[in-house]
Structures are given as C-alpha cells and as structure tokens.
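So this one's start21.csv, CSV, C-alpha atoms:
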chain,number,residue,atom,x,y,z
A,29,MET,CA,33.3,123.5,104.3
A,30,LEU,CA,36.7,121.7,104.1
A,31,PHE,CA,38.1,124.4,101.9
A,32,LEU,CA,37.1,127.1,104.4
A,33,ILE,CA,38.7,125.1,107.2
A,34,ILE,CA,41.9,124.6,105.3
A,35,THR,CA,42.1,128.3,104.4
A,36,LEU,CA,41.5,129.2,108.1
A,37,VAL,CA,38.2,131.0,107.3
A,38,LEU,CA,36.5,128.5,109.7
A,39,PRO,CA,38.1,127.7,113.0
A,40,TYR,CA,39.8,124.3,113.5
A,41,PRO,CA,42.1,123.0,116.3
A,42,GLU,CA,45.7,123.8,115.2
A,43,GLY,CA,44.3,124.4,111.7
A,44,ILE,CA,47.4,126.3,110.7
A,45,TRP,CA,49.2,122.9,110.3
A,46,LEU,CA,46.7,121.5,107.9
A,47,LYS,CA,48.3,122.8,104.7
A,48,GLY,CA,51.9,122.2,105.6
A,49,ASP,CA,52.2,119.4,103.1
A,50,VAL,CA,50.5,121.6,100.4
A,51,ASP,CA,53.1,124.2,100.9
A,52,LEU,CA,55.8,121.5,100.4
A,53,TYR,CA,54.0,120.3,97.2
A,54,ASN,CA,54.0,123.9,96.0
A,55,PHE,CA,57.7,124.2,96.6
A,56,TRP,CA,58.4,121.0,94.7
A,57,SER,CA,56.1,122.0,91.8
A,58,GLN,CA,58.5,124.9,90.9
A,59,GLY,CA,61.0,122.3,89.7
A,60,LEU,CA,58.5,119.6,88.7
A,61,VAL,CA,56.9,121.8,86.0
A,62,LYS,CA,60.4,121.7,84.4
A,63,GLY,CA,60.7,117.9,84.8
A,64,ILE,CA,63.1,118.2,87.7
A,65,PHE,CA,62.3,116.0,90.7
A,66,PRO,CA,63.6,116.9,94.2
A,67,ILE,CA,66.6,114.7,94.0
A,68,ASP,CA,68.4,115.7,97.2
A,69,ASP,CA,65.2,116.2,99.4
A,70,SER,CA,64.8,113.3,101.9
A,71,MET,CA,61.1,114.2,102.1
A,72,TRP,CA,60.5,113.1,98.5
A,73,GLN,CA,59.2,109.6,98.8
A,74,TYR,CA,56.6,109.3,96.1
A,75,PRO,CA,56.5,107.4,92.8
A,76,PRO,CA,57.0,109.5,89.6
A,77,LEU,CA,53.3,110.2,88.7
A,78,ALA,CA,52.9,112.0,92.0
A,79,GLY,CA,55.2,114.6,90.5
A,80,ILE,CA,52.7,115.1,87.7
A,81,VAL,CA,49.9,115.5,90.3
A,82,PHE,CA,51.9,118.2,92.1
A,83,ALA,CA,52.8,120.0,88.8
A,84,ILE,CA,49.3,120.1,87.2
A,85,PRO,CA,48.0,122.9,89.5
A,86,GLN,CA,51.1,124.9,88.8
A,87,TRP,CA,50.7,124.4,85.1
A,88,ILE,CA,47.0,125.3,85.1
A,89,VAL,CA,46.7,128.2,87.6
A,90,GLY,CA,50.3,129.1,88.3
A,91,ASN,CA,49.7,128.5,92.0
A,92,SER,CA,49.9,125.0,93.6
A,93,LEU,CA,48.4,126.2,96.9
A,94,THR,CA,44.7,126.8,96.3
A,95,GLY,CA,45.1,125.1,92.9
A,96,PHE,CA,46.1,121.8,94.6
A,97,ILE,CA,43.2,121.8,96.9
A,98,ALA,CA,40.8,122.5,94.0
A,99,PHE,CA,42.4,119.7,92.0
A,100,MET,CA,41.9,117.3,94.9
A,101,ALA,CA,38.3,118.4,95.2
A,102,ILE,CA,37.8,117.3,91.6
A,103,PHE,CA,39.1,113.8,92.4
A,104,ASP,CA,36.9,113.8,95.4
A,105,LEU,CA,33.9,114.5,93.1
A,106,LEU,CA,35.1,111.8,90.6
A,107,ILE,CA,35.1,109.2,93.4
A,108,LEU,CA,31.6,110.3,94.4
A,109,ILE,CA,30.3,110.0,90.9
A,110,THR,CA,32.0,106.6,90.5
A,111,LEU,CA,30.4,105.3,93.7
A,112,LEU,CA,27.0,106.7,92.7
A,113,THR,CA,26.9,105.3,89.2
A,114,THR,CA,28.2,101.9,90.4
A,115,GLY,CA,25.5,101.7,93.0
A,116,LEU,CA,22.7,102.9,90.7
A,117,ASN,CA,23.7,100.5,87.9
A,118,ARG,CA,23.8,97.6,90.3
A,119,PHE,CA,20.6,98.1,92.2
A,120,LYS,CA,18.3,99.9,89.8
A,121,THR,CA,14.9,98.3,90.0
A,122,ASN,CA,13.2,100.5,87.3
A,123,SER,CA,13.7,103.9,85.7
A,124,THR,CA,12.7,105.8,88.8
A,125,THR,CA,13.7,103.9,91.9
A,126,THR,CA,16.7,102.2,93.4
A,127,SER,CA,17.5,100.2,96.5
A,128,PHE,CA,19.1,101.7,99.6
A,129,TYR,CA,22.3,100.0,98.9
A,130,GLY,CA,22.6,101.7,95.5
A,131,LEU,CA,23.2,105.0,97.3
A,132,SER,CA,25.0,103.7,100.4
A,133,GLY,CA,28.5,103.9,99.0
A,134,ALA,CA,28.0,107.4,97.7
A,135,TRP,CA,26.5,108.6,101.0
A,136,PHE,CA,29.3,107.0,102.9
A,137,TRP,CA,31.9,108.9,100.8
A,138,VAL,CA,30.0,112.1,101.4
A,139,LEU,CA,30.2,111.6,105.2
A,140,TRP,CA,33.7,110.2,105.3
A,141,PRO,CA,35.6,113.6,105.0
A,142,ILE,CA,33.6,114.7,108.0
A,143,VAL,CA,34.8,111.7,109.9
A,144,MET,CA,38.5,111.9,108.9
A,145,GLY,CA,38.7,115.7,108.6
A,146,PRO,CA,40.1,118.3,106.1
A,147,LEU,CA,43.2,116.3,105.5
A,148,THR,CA,41.1,114.6,102.8
A,149,LEU,CA,41.9,117.6,100.5
A,150,THR,CA,45.3,118.6,101.7
A,151,ARG,CA,47.0,115.3,100.7
A,152,PHE,CA,46.9,113.7,97.3
A,153,ASP,CA,45.6,110.3,98.4
A,154,VAL,CA,42.2,110.8,96.7
A,155,VAL,CA,44.0,110.3,93.3
A,156,PRO,CA,45.3,106.8,93.8
A,157,THR,CA,42.1,105.9,95.6
A,158,PHE,CA,40.1,106.9,92.5
A,159,PHE,CA,42.2,104.7,90.2
A,160,ALA,CA,42.1,101.8,92.7
A,161,LEU,CA,38.3,101.9,92.8
A,162,LEU,CA,38.1,102.0,89.0
A,163,ALA,CA,40.4,99.0,88.8
A,164,LEU,CA,38.2,97.0,91.1
A,165,ILE,CA,35.0,98.0,89.2
A,166,ALA,CA,36.6,97.0,86.0
A,167,LEU,CA,36.4,93.4,87.2
A,168,SER,CA,32.6,93.4,87.7
A,169,ASN,CA,30.8,90.2,86.9
A,170,LYS,CA,28.8,91.6,84.0
A,171,ASN,CA,31.8,93.1,82.1
A,172,VAL,CA,35.2,91.8,83.2
A,173,ARG,CA,38.0,93.9,81.8
A,174,PRO,CA,41.3,92.6,83.3
A,175,TYR,CA,43.6,94.6,80.9
A,176,LEU,CA,41.8,97.8,81.9
A,177,SER,CA,42.1,96.9,85.5
A,178,GLY,CA,45.8,96.3,85.3
A,179,LEU,CA,46.3,99.7,83.5
A,180,LEU,CA,44.4,101.5,86.3
A,181,ILE,CA,46.3,99.8,89.0
A,182,SER,CA,49.5,100.8,87.3
A,183,ILE,CA,48.5,104.5,87.2
A,184,GLY,CA,47.4,104.4,90.8
A,185,ALA,CA,50.6,102.7,92.0
A,186,LEU,CA,52.8,105.2,90.1
A,187,VAL,CA,51.1,108.0,92.1
A,188,LYS,CA,51.3,106.1,95.4
A,189,LEU,CA,52.3,102.5,95.7
A,190,TRP,CA,49.5,101.0,97.7
A,191,PRO,CA,47.1,100.1,94.7
A,192,MET,CA,49.7,97.4,93.9
A,193,LEU,CA,48.3,95.5,96.8
A,194,LEU,CA,45.2,94.6,94.7
A,195,LEU,CA,47.4,92.2,92.7
A,196,PHE,CA,47.7,90.0,95.8
A,197,ILE,CA,44.0,89.2,96.0
A,198,TYR,CA,42.8,89.3,92.3
A,199,PRO,CA,41.1,86.0,91.1
A,200,LYS,CA,43.5,83.5,89.6
A,201,ALA,CA,41.4,83.5,86.4
A,202,VAL,CA,42.3,87.1,85.6
A,203,LEU,CA,45.6,87.6,87.4
A,204,ARG,CA,47.8,86.8,84.4
A,205,LYS,CA,46.1,89.4,82.2
A,206,VAL,CA,45.9,92.0,84.9
A,207,SER,CA,49.6,91.5,85.7
A,208,ALA,CA,50.6,91.7,82.0
A,209,SER,CA,48.7,95.0,81.6
A,210,PHE,CA,50.1,96.3,84.9
A,211,ILE,CA,53.7,95.6,84.0
A,212,SER,CA,53.5,96.8,80.4
A,213,THR,CA,51.8,100.1,81.5
A,214,THR,CA,54.3,100.7,84.2
A,215,ILE,CA,57.2,100.2,81.8
A,216,LEU,CA,55.7,102.6,79.3
A,217,PHE,CA,55.1,105.3,81.9
A,218,LEU,CA,58.7,104.9,83.2
A,219,LEU,CA,60.1,105.1,79.8
A,220,PHE,CA,58.1,108.3,79.2
A,221,MET,CA,59.3,109.8,82.5
A,222,SER,CA,62.9,109.0,81.7
A,223,THR,CA,62.6,111.2,78.6
A,224,TRP,CA,60.8,114.1,80.3
A,225,SER,CA,62.3,114.3,83.8
A,226,VAL,CA,65.3,113.9,86.0
A,227,GLY,CA,65.6,112.0,89.3
A,228,PHE,CA,62.1,110.4,89.3
A,229,THR,CA,63.5,107.1,90.8
A,230,ASN,CA,65.1,108.9,93.8
A,231,PHE,CA,62.1,108.2,96.0
A,232,LEU,CA,63.2,104.6,96.4
A,233,ASN,CA,66.2,105.5,98.5
A,234,ASN,CA,64.3,107.8,100.8
A,235,GLN,CA,61.4,105.4,101.2
A,236,SER,CA,63.6,102.5,102.2
A,237,SER,CA,65.5,104.6,104.8
A,238,ARG,CA,62.4,105.6,106.8
A,239,GLY,CA,62.1,104.6,110.4
A,240,LEU,CA,59.2,103.9,112.8
A,241,GLN,CA,56.6,106.7,112.7
A,242,VAL,CA,55.0,107.8,116.0
A,243,GLU,CA,51.5,107.2,114.6
A,244,SER,CA,52.2,103.6,113.4
A,245,ILE,CA,50.6,100.6,115.0
A,246,ALA,CA,54.0,99.2,116.0
A,247,ALA,CA,55.0,102.4,117.7
A,248,SER,CA,52.2,102.1,120.3
A,249,PRO,CA,54.5,100.5,123.0
A,250,PHE,CA,56.9,103.4,122.6
A,251,VAL,CA,54.0,105.9,122.9
A,252,LEU,CA,52.9,104.2,126.1
A,253,ALA,CA,56.5,104.2,127.3
A,254,LYS,CA,56.8,107.9,126.6
A,255,PHE,CA,53.6,108.5,128.7
A,256,LEU,CA,55.2,106.5,131.5
A,257,GLY,CA,58.3,108.7,131.5
A,258,LYS,CA,60.7,106.5,129.6
A,259,ASN,CA,63.4,108.0,127.3
A,260,VAL,CA,61.6,108.2,123.9
A,261,GLU,CA,62.2,110.9,121.4
A,262,TYR,CA,60.5,111.8,118.1
A,263,PRO,CA,63.0,113.5,115.7
A,264,PHE,CA,61.8,114.7,112.4
A,265,GLN,CA,63.2,112.5,109.6
A,266,TYR,CA,62.1,111.7,106.1
A,267,GLY,CA,59.0,113.8,106.3
A,268,SER,CA,57.6,112.4,109.6
A,269,LEU,CA,58.3,112.2,113.3
A,270,GLU,CA,60.0,108.9,113.9
A,271,VAL,CA,60.6,107.0,117.1
A,272,ASN,CA,64.1,107.3,118.5
A,273,ALA,CA,64.4,104.8,121.3
A,274,GLN,CA,65.9,101.4,122.2
A,275,PHE,CA,64.8,98.6,119.8
A,276,ALA,CA,62.9,101.0,117.5
A,277,THR,CA,65.3,100.3,114.6
A,278,GLN,CA,64.9,96.5,115.1
A,279,VAL,CA,61.1,96.8,115.2
A,280,ALA,CA,61.2,98.7,111.9
A,281,PHE,CA,63.3,96.0,110.3
A,282,LEU,CA,61.0,93.2,111.6
A,283,LEU,CA,58.0,95.0,110.1
A,284,ASN,CA,59.7,95.0,106.6
A,285,LEU,CA,60.5,91.3,107.0
A,286,MET,CA,57.0,90.4,108.2
A,287,THR,CA,55.5,92.3,105.3
A,288,ILE,CA,57.4,90.2,102.8
A,289,ILE,CA,56.5,87.0,104.5
A,290,VAL,CA,52.8,87.8,105.1
A,291,PHE,CA,52.1,89.0,101.6
A,292,ALA,CA,54.0,86.0,100.1
A,293,ILE,CA,51.6,83.8,102.0
A,294,ILE,CA,48.5,85.8,101.0
A,295,LEU,CA,49.6,85.6,97.3
A,296,LEU,CA,50.1,81.8,97.6
A,297,LEU,CA,46.7,81.2,99.3
A,298,ASN,CA,44.9,83.4,96.9
A,299,TYR,CA,46.5,81.7,93.9
A,300,GLN,CA,45.4,78.4,95.4
A,301,ASN,CA,41.8,79.7,95.6
A,302,LYS,CA,41.8,79.5,99.4
A,303,LEU,CA,40.6,83.1,100.0
A,304,ASN,CA,37.1,82.8,98.6
A,305,TYR,CA,34.9,83.7,101.6
A,306,LEU,CA,35.0,87.4,100.9
A,307,ASN,CA,34.3,89.1,97.7
A,308,LEU,CA,37.0,91.0,95.8
A,309,VAL,CA,36.2,94.5,97.3
A,310,ASP,CA,36.0,93.1,100.8
A,311,LYS,CA,39.4,91.4,100.3
A,312,ALA,CA,40.8,94.6,99.0
A,313,LEU,CA,39.9,96.5,102.1
A,314,VAL,CA,41.3,93.8,104.4
A,315,ILE,CA,44.5,93.5,102.5
A,316,VAL,CA,45.1,97.3,102.8
A,317,MET,CA,44.4,97.1,106.5
A,318,ILE,CA,47.0,94.3,106.8
A,319,SER,CA,49.5,96.4,104.9
A,320,ILE,CA,48.9,99.4,107.1
A,321,SER,CA,49.3,97.3,110.3
A,322,LEU,CA,52.7,96.1,109.1
A,323,SER,CA,53.8,99.5,107.9
A,324,ARG,CA,56.4,101.7,109.6
A,325,VAL,CA,54.0,104.6,108.8
A,326,PHE,CA,50.3,105.2,109.5
A,327,SER,CA,49.7,108.8,108.4
A,328,PRO,CA,46.2,110.3,108.8
A,329,GLN,CA,45.7,110.5,105.0
A,330,PHE,CA,45.8,106.7,104.8
A,331,TRP,CA,42.2,106.9,105.9
A,332,VAL,CA,41.3,108.1,102.4
A,333,TRP,CA,42.2,104.7,101.1
A,334,ILE,CA,40.2,102.9,103.7
A,335,GLY,CA,37.2,105.3,103.2
A,336,GLY,CA,37.1,104.7,99.5
A,337,LEU,CA,37.3,101.0,99.7
A,338,ALA,CA,34.8,100.8,102.5
A,339,ALA,CA,32.4,102.9,100.5
A,340,LEU,CA,32.7,100.6,97.5
A,341,ALA,CA,32.2,97.5,99.8
A,342,LEU,CA,29.0,99.0,101.3
A,343,ILE,CA,27.4,99.1,97.8
A,344,ASN,CA,27.2,95.3,98.0
A,345,LYS,CA,24.5,94.3,100.5
A,346,GLU,CA,26.3,91.0,100.9
A,347,THR,CA,29.4,92.5,102.3
A,348,LYS,CA,30.6,90.8,105.5
A,349,LEU,CA,32.6,93.8,106.7
A,350,LYS,CA,30.0,96.0,108.2
A,351,LYS,CA,31.2,95.6,111.7
A,352,VAL,CA,34.8,96.1,110.5
A,353,ILE,CA,33.8,99.3,108.8
A,354,ILE,CA,32.1,100.6,111.9
A,355,LEU,CA,35.2,100.1,114.0
A,356,LEU,CA,37.3,101.7,111.3
A,357,THR,CA,35.0,104.7,111.3
A,358,PHE,CA,35.5,105.3,115.0
A,359,SER,CA,39.2,104.9,114.6
A,360,ALA,CA,39.3,107.4,111.8
A,361,PHE,CA,37.4,110.0,113.8
A,362,LEU,CA,39.9,109.6,116.7
A,363,THR,CA,42.7,110.2,114.3
A,364,GLN,CA,41.2,113.5,113.3
A,365,LEU,CA,41.1,114.5,117.0
A,366,ILE,CA,44.8,113.7,117.3
A,367,TYR,CA,46.0,115.4,114.2
A,368,PRO,CA,46.6,118.2,114.3
A,369,GLY,CA,44.7,119.2,117.4
A,370,GLN,CA,46.5,116.9,119.9
A,371,TYR,CA,49.6,116.1,118.0
A,372,ILE,CA,52.0,118.2,120.0
A,373,GLN,CA,50.5,116.7,123.2
A,374,LEU,CA,51.0,113.2,121.8
A,375,LEU,CA,54.7,113.9,121.2
A,376,SER,CA,55.0,115.2,124.8
A,377,GLY,CA,53.4,112.1,126.3
A,378,ASP,CA,50.3,113.8,127.6
A,379,PHE,CA,47.5,111.6,129.0
A,380,LEU,CA,44.6,112.5,126.7
A,381,ALA,CA,46.6,112.4,123.5
A,382,THR,CA,48.2,109.1,124.5
A,383,LEU,CA,44.7,107.7,125.3
A,384,LEU,CA,43.3,108.8,122.0
A,385,GLN,CA,46.2,107.3,120.1
A,386,LEU,CA,46.1,103.9,121.9
A,387,THR,CA,42.3,103.8,121.5
A,388,ARG,CA,42.6,104.6,117.8
A,389,VAL,CA,45.1,101.8,117.4
A,390,THR,CA,43.1,99.3,119.5
A,391,LEU,CA,40.0,99.9,117.3
A,392,PHE,CA,42.0,99.5,114.1
A,393,VAL,CA,43.6,96.2,115.4
A,394,TRP,CA,40.2,95.0,116.5
A,395,ALA,CA,38.8,95.6,113.0
A,396,LEU,CA,42.0,94.0,111.5
A,397,ILE,CA,41.5,90.8,113.5
A,398,LEU,CA,37.8,90.6,112.5
A,399,GLY,CA,38.7,91.2,108.8
A,400,THR,CA,41.6,88.9,108.7
A,401,LYS,CA,39.6,86.0,110.2
A,402,LEU,CA,37.0,86.5,107.5
A,403,LEU,CA,39.7,86.7,104.8
A,404,LEU,CA,41.1,83.3,106.0
A,405,LYS,CA,37.8,81.6,106.7
A,406,PRO,CA,37.6,78.4,104.7
A,407,THR,CA,34.7,77.9,102.3
A,408,SER,CA,33.6,75.0,100.1
A,409,GLY,CA,31.5,77.1,97.7
A,410,LYS,CA,32.6,79.7,95.2
A,411,VAL,CA,31.9,83.2,96.3
A,412,ILE,CA,30.6,85.6,93.6
A,413,GLU,CA,33.4,88.1,92.9
A,414,TYR,CA,31.1,91.1,92.8
A,415,VAL,CA,32.7,94.5,92.6

For this file, produce the structure as structure tokens.
Amino acid sequence: MLFLIITLVLPYPEGIWLKGDVDLYNFWSQGLVKGIFPIDDSMWQYPPLAGIVFAIPQWIVGNSLTGFIAFMAIFDLLILITLLTTGLNRFKTNSTTTSFYGLSGAWFWVLWPIVMGPLTLTRFDVVPTFFALLALIALSNKNVRPYLSGLLISIGALVKLWPMLLLFIYPKAVLRKVSASFISTTILFLLFMSTWSVGFTNFLNNQSSRGLQVESIAASPFVLAKFLGKNVEYPFQYGSLEVNAQFATQVAFLLNLMTIIVFAIILLLNYQNKLNYLNLVDKALVIVMISISLSRVFSPQFWVWIGGLAALALINKETKLKKVIILLTFSAFLTQLIYPGQYIQLLSGDFLATLLQLTRVTLFVWALILGTKLLLKPTSGKVIEYV
C-alpha cells in the first residue's frame, strides 16, 4: 500500500512530494557507486555509511528510485521479524501458544507506517533503527553480548548519528565493553572508507551549519508568530526550511549548548546508577525524545526511530511508557497530516496547519515530560534491565 502511494498509483494529499528525497538519493548515488561523496552539496549531512545505503540500490538494480524503496521495505521486514522473534522468545509458554505481549511489538510496527505515513519507506531511517534495536536486544538478560551491542551501535551511528544516544543510558556494568567495541568498530569503518571514498567527512560541516527547522519543537513560537502576522520567513537551507526571524539564530545556538549540558548530566546520573526506574528500552525511547526536543530539526522521518523503540518497549509487559506511547502515536499521526498535505499552508501561516503543528508539538512535549519524570524517578531497588 505504501509503495502504491509513493508511486502515485493510490491518491495521497500532495503525494508528488513524497519521493523528493529519494530523487536526491538517486542523484547522489551516481557518484557514490564510484566512492565519490557529494563534497560541495550543502544538503549532504549524513555519516559515511549512509552513502553505502544510497549506493546499494544503484549497484544492484541500476536504479536508486524504485530500488531504494524496495531496499527500505527489506529493512522494514527485518525490523518486523526482529520484533516478532524477540517477543515470541520472551513470552513463549509452550510450543503452540504465546502471550499477547509476545506479539504486541510486531503488531505495533505493522500499524506504525499507517500512523506516520509513506515517509516510512522514502527515507532511510529504518536502517539505523534496525541496528539500534539489535543493539538493545544484544543486552538481554539471558545472553548479554556487550561487544556485539557496541558493534551494532557503531554501524547504526555511521548510517545516522542517533543510535549513539544509547551509550548514554547503558548499564555501568557493560558500558566499558560496549564503548570499546563501538570505538574500535567506528575506527575500522572509517579507515575502510578512507581507502574507498573521497569526501566522506564533509557532512560534519553541513550538519553544524544548520539553523532552526520550521518543524522543530523550539520553532513553535515562530510558527505562532507567523500565524499572528509577524515577520517570519522560511528559506530553504541545508536541506530543510529554516526559520529566518529575530532571535532564531540565538535559539539554535542555545539548543546546541543545552544538548551538551543535558546529555552530560544524563551520562553522569546513569553512571552513578541513579536512572534505574525504567528498563533499558524504556530509557532508550525517552533519551531519543529528549534529543529530538533539543534538536534544531524534527523531520517527519524521526518518527521511524520512535516507532521502532516504542514497539520494542511494548514487548515488555512491565513497560511504564504506555501512556507516553499513546501520546506519541497521536503526535505522529498529526505529523502525517501536516507533511506533505498541509506543509505549504504551514509555511504560509494558515490556521489549520498552524493548529496541527502546535497540537503535534504539545502532544510530544506532554509525552516528553511524562517520560522524563519517569526516567529521573528515584528508586531504591534494582530494576531488571530487560530488553
């Protein structure tokens, strides 16, 4: 169904814009198959293994358009299989039956693309999500494999940086081994990339130069100001529409500063074993939410990360984030209504689009507050670090 929507066989509001990034990936892949990264392209903001992801469809089928969507569908299936096998293995009661929770994560992932829309397959976020889920599962109670977990985090982070966030909430008992594996794997991959490609580190300059994206949490006051008739513009820069208004640059700088401070505090608290109320997967979901809230960007595809982590969390019947996940689900659905169907209206400051955006942000912040309170809740007992 998603494939038919993306290829415009089935109608979808402003569906012609869905595969804009896929066209860009296809353009980049022409050089990437030869090991040439888009050095002078300000829209290239991805770690080096993302280039491999874009190049593979070109290598295999000679066409990175339909080939890319099919490639992402494979990773979508791999996530489903991962969630299904994890749930069945944990809750199998005998050879023929399993509990409801054993299937809950897989079913949630089946329904999630309906909630967040066809962007699930027109971006490459299913790839790092797959490796992040495997990294968490590698630290299950029955078979803890920290070195494997570190390797998987490294692969995910070299595709898109966010899986690195897991290192901030890993148990102290395994953090040293996970970190050693992560660092060594990253170095080996980078050494390999240096022999095969040109310009694979250029993304760092473009990433650091980004401003405040219109969809970000911190841009909400500017969105409201635009609706009220204030002078707020949204020029296209570094692959997204950024806020051009008084104080926007300062807000973006403060977000970067706050991110460093907040995650330093989280790392310290976790190392001191003061974040033990939530299990590891629950903490992973909350830490990603915190990162998104402090980010200058909140692209619709970020919901793939949230959906994958939420699905894994729901496998555990002891999860404390059910209300948080419900709020996130409604926020994700409103995001689909905005992009691409109401996106032009949002940029114009129209009432309905502005209302949808502010409601979406409000639901996300509500979920964030609930999740953060649970993350910081003191506990005298040791919580089982189930994955």

Select from stretch 250-364 of chain A every residue with an atom at most 10 Å from any atom of stretch 157-165 of chain A, then for each give the shortest pair of atoms and their distance in Å to one decimal, using only C-alpha atoms, rows by chain and rising number, as CSV.
residue,atom,partner,partner_atom,distance
A:Leu308,CA,A:Leu164,CA,7.7
A:Val309,CA,A:Leu164,CA,7.0
A:Ala312,CA,A:Leu164,CA,8.7
A:Phe330,CA,A:Thr157,CA,9.9
A:Val332,CA,A:Thr157,CA,7.2
A:Trp333,CA,A:Thr157,CA,5.6
A:Ile334,CA,A:Thr157,CA,8.8
A:Gly335,CA,A:Thr157,CA,9.1
A:Gly336,CA,A:Thr157,CA,6.5
A:Leu337,CA,A:Leu161,CA,7.0
A:Ala339,CA,A:Leu161,CA,9.8
A:Leu340,CA,A:Leu161,CA,7.4

Kindly export the residues of the current selection with C-alpha atoms, as a CSV table (one decimal), keeping the file's coordinate frame.
chain,number,residue,atom,x,y,z
A,308,LEU,CA,37.0,91.0,95.8
A,309,VAL,CA,36.2,94.5,97.3
A,312,ALA,CA,40.8,94.6,99.0
A,330,PHE,CA,45.8,106.7,104.8
A,332,VAL,CA,41.3,108.1,102.4
A,333,TRP,CA,42.2,104.7,101.1
A,334,ILE,CA,40.2,102.9,103.7
A,335,GLY,CA,37.2,105.3,103.2
A,336,GLY,CA,37.1,104.7,99.5
A,337,LEU,CA,37.3,101.0,99.7
A,339,ALA,CA,32.4,102.9,100.5
A,340,LEU,CA,32.7,100.6,97.5

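In this structure, atom CA of A:Ala276 sits 9.7 Å away from atom CA of A:Val260.
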
### Message
Given only C-alpha atoms as the basis, pick out the residue of A:Gly133, A:Pro174, A:Pro76, A:Pro85 nearest to A:Phe119.
### Response
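The closest residue to A:Phe119 is A:Gly133.
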
### Task
Counting only C-alpha atoms, find the residues whose atoms lie at most 12 Å from (54.1, 103.9, 126.2) (file coordinates) and write them out as a PyMOL selection string.
chain A and resi 242+246-261+271+273+374-379+381-383+385-386

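The nearest approach to A:Leu296 among the residues A:Lys405, A:Arg151, A:Lys200, A:Lys47, with all atoms listed in the file taken into account, belongs to A:Lys200.
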
### Task
Could you please give me, as a list of chain:residue names, the residues of protein, DNA or RNA lying at most 9 Å from (37.4, 113.4, 95.5) in the coordinate frame of the file, considering only C-alpha atoms?
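Residues found, by chain and rising number: A:Phe99, A:Met100, A:Ala101, A:Ile102, A:Phe103, A:Asp104, A:Leu105, A:Leu106, A:Ile107, A:Leu108, A:Trp137, A:Thr148, A:Leu149, A:Val154, A:Val155, A:Thr157, A:Phe158.
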
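Distances from A:Tyr305, A:Phe82, A:Trp72, A:Phe128 to A:Gly399 were compared using only C-alpha atoms, and the smallest one belongs to A:Tyr305.
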
### Query
Pick the closest to A:Leu313 from A:Pro328, A:Pro191, A:Pro146, A:Pro199: which is it, counting all atoms listed in the file?
A:Pro191

Give me the residues near A:Gln58 as an mmCIF file with C-alpha atoms, in the frame of the given file, where near means some atom within 12 Å (using all atoms listed in the file) and where sequence neighbours in that chain fewer than 6 positions away do not count.
data_model
loop_
_atom_site.group_PDB
_atom_site.id
_atom_site.type_symbol
_atom_site.label_atom_id
_atom_site.label_comp_id
_atom_site.auth_asym_id
_atom_site.auth_seq_id
_atom_site.Cartn_x
_atom_site.Cartn_y
_atom_site.Cartn_z
ATOM 1 C CA ASP A 51 53.100 124.200 100.900
ATOM 2 C CA LEU A 52 55.800 121.500 100.400
ATOM 3 C CA ILE A 64 63.100 118.200 87.700
ATOM 4 C CA PHE A 65 62.300 116.000 90.700
ATOM 5 C CA PRO A 66 63.600 116.900 94.200
ATOM 6 C CA GLY A 79 55.200 114.600 90.500
ATOM 7 C CA ILE A 80 52.700 115.100 87.700
ATOM 8 C CA PHE A 82 51.900 118.200 92.100
ATOM 9 C CA ALA A 83 52.800 120.000 88.800
ATOM 10 C CA ILE A 84 49.300 120.100 87.200
ATOM 11 C CA PRO A 85 48.000 122.900 89.500
ATOM 12 C CA GLN A 86 51.100 124.900 88.800
ATOM 13 C CA TRP A 87 50.700 124.400 85.100
ATOM 14 C CA GLY A 90 50.300 129.100 88.300
ATOM 15 C CA ASN A 91 49.700 128.500 92.000
ATOM 16 C CA SER A 92 49.900 125.000 93.600
ATOM 17 C CA LEU A 93 48.400 126.200 96.900
#

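Using all atoms listed in the file, the shortest contact distance between A:Asn304 and any of A:Ala208, A:Ala185, A:Leu402, A:Val393 is found at A:Leu402.
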
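We find atom CA of A:Arg118 and atom CA of A:Asn344 to be spaced 8.7 Å apart.
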
### Task
Quick one: everything within 9 Å of A:Glu270, counting all atoms listed in the file, minus sequence neighbours fewer than 6 positions away in the same chain. Send it as a list in words.
Arg238, Gly239, Leu240, Gln241, Val242, Glu243, Glu261, Tyr262, Pro263, Phe264 and Val325 of chain A

### Query
What does the distance from atom CA of A:Tyr371 to atom CA of A:Pro41 come to in Å, to one decimal?
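Between atom CA of A:Tyr371 and atom CA of A:Pro41 the gap works out to 10.3 Å.
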
### Query
With only C-alpha atoms as the atoms that count, which of A:Gln370, A:Thr150, A:Thr400, A:Gln73 lies nearest to A:Leu306?
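Of the candidates, the smallest distance to A:Leu306 is held by A:Thr400.
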
### Message
Quick one: residues within 12 Å of A:Leu216, all atoms listed in the file, excluding same-chain residues fewer than 5 positions away - as a PyMOL selection string?
### Response
chain A and resi 179+182-183+186+209-211+221-223
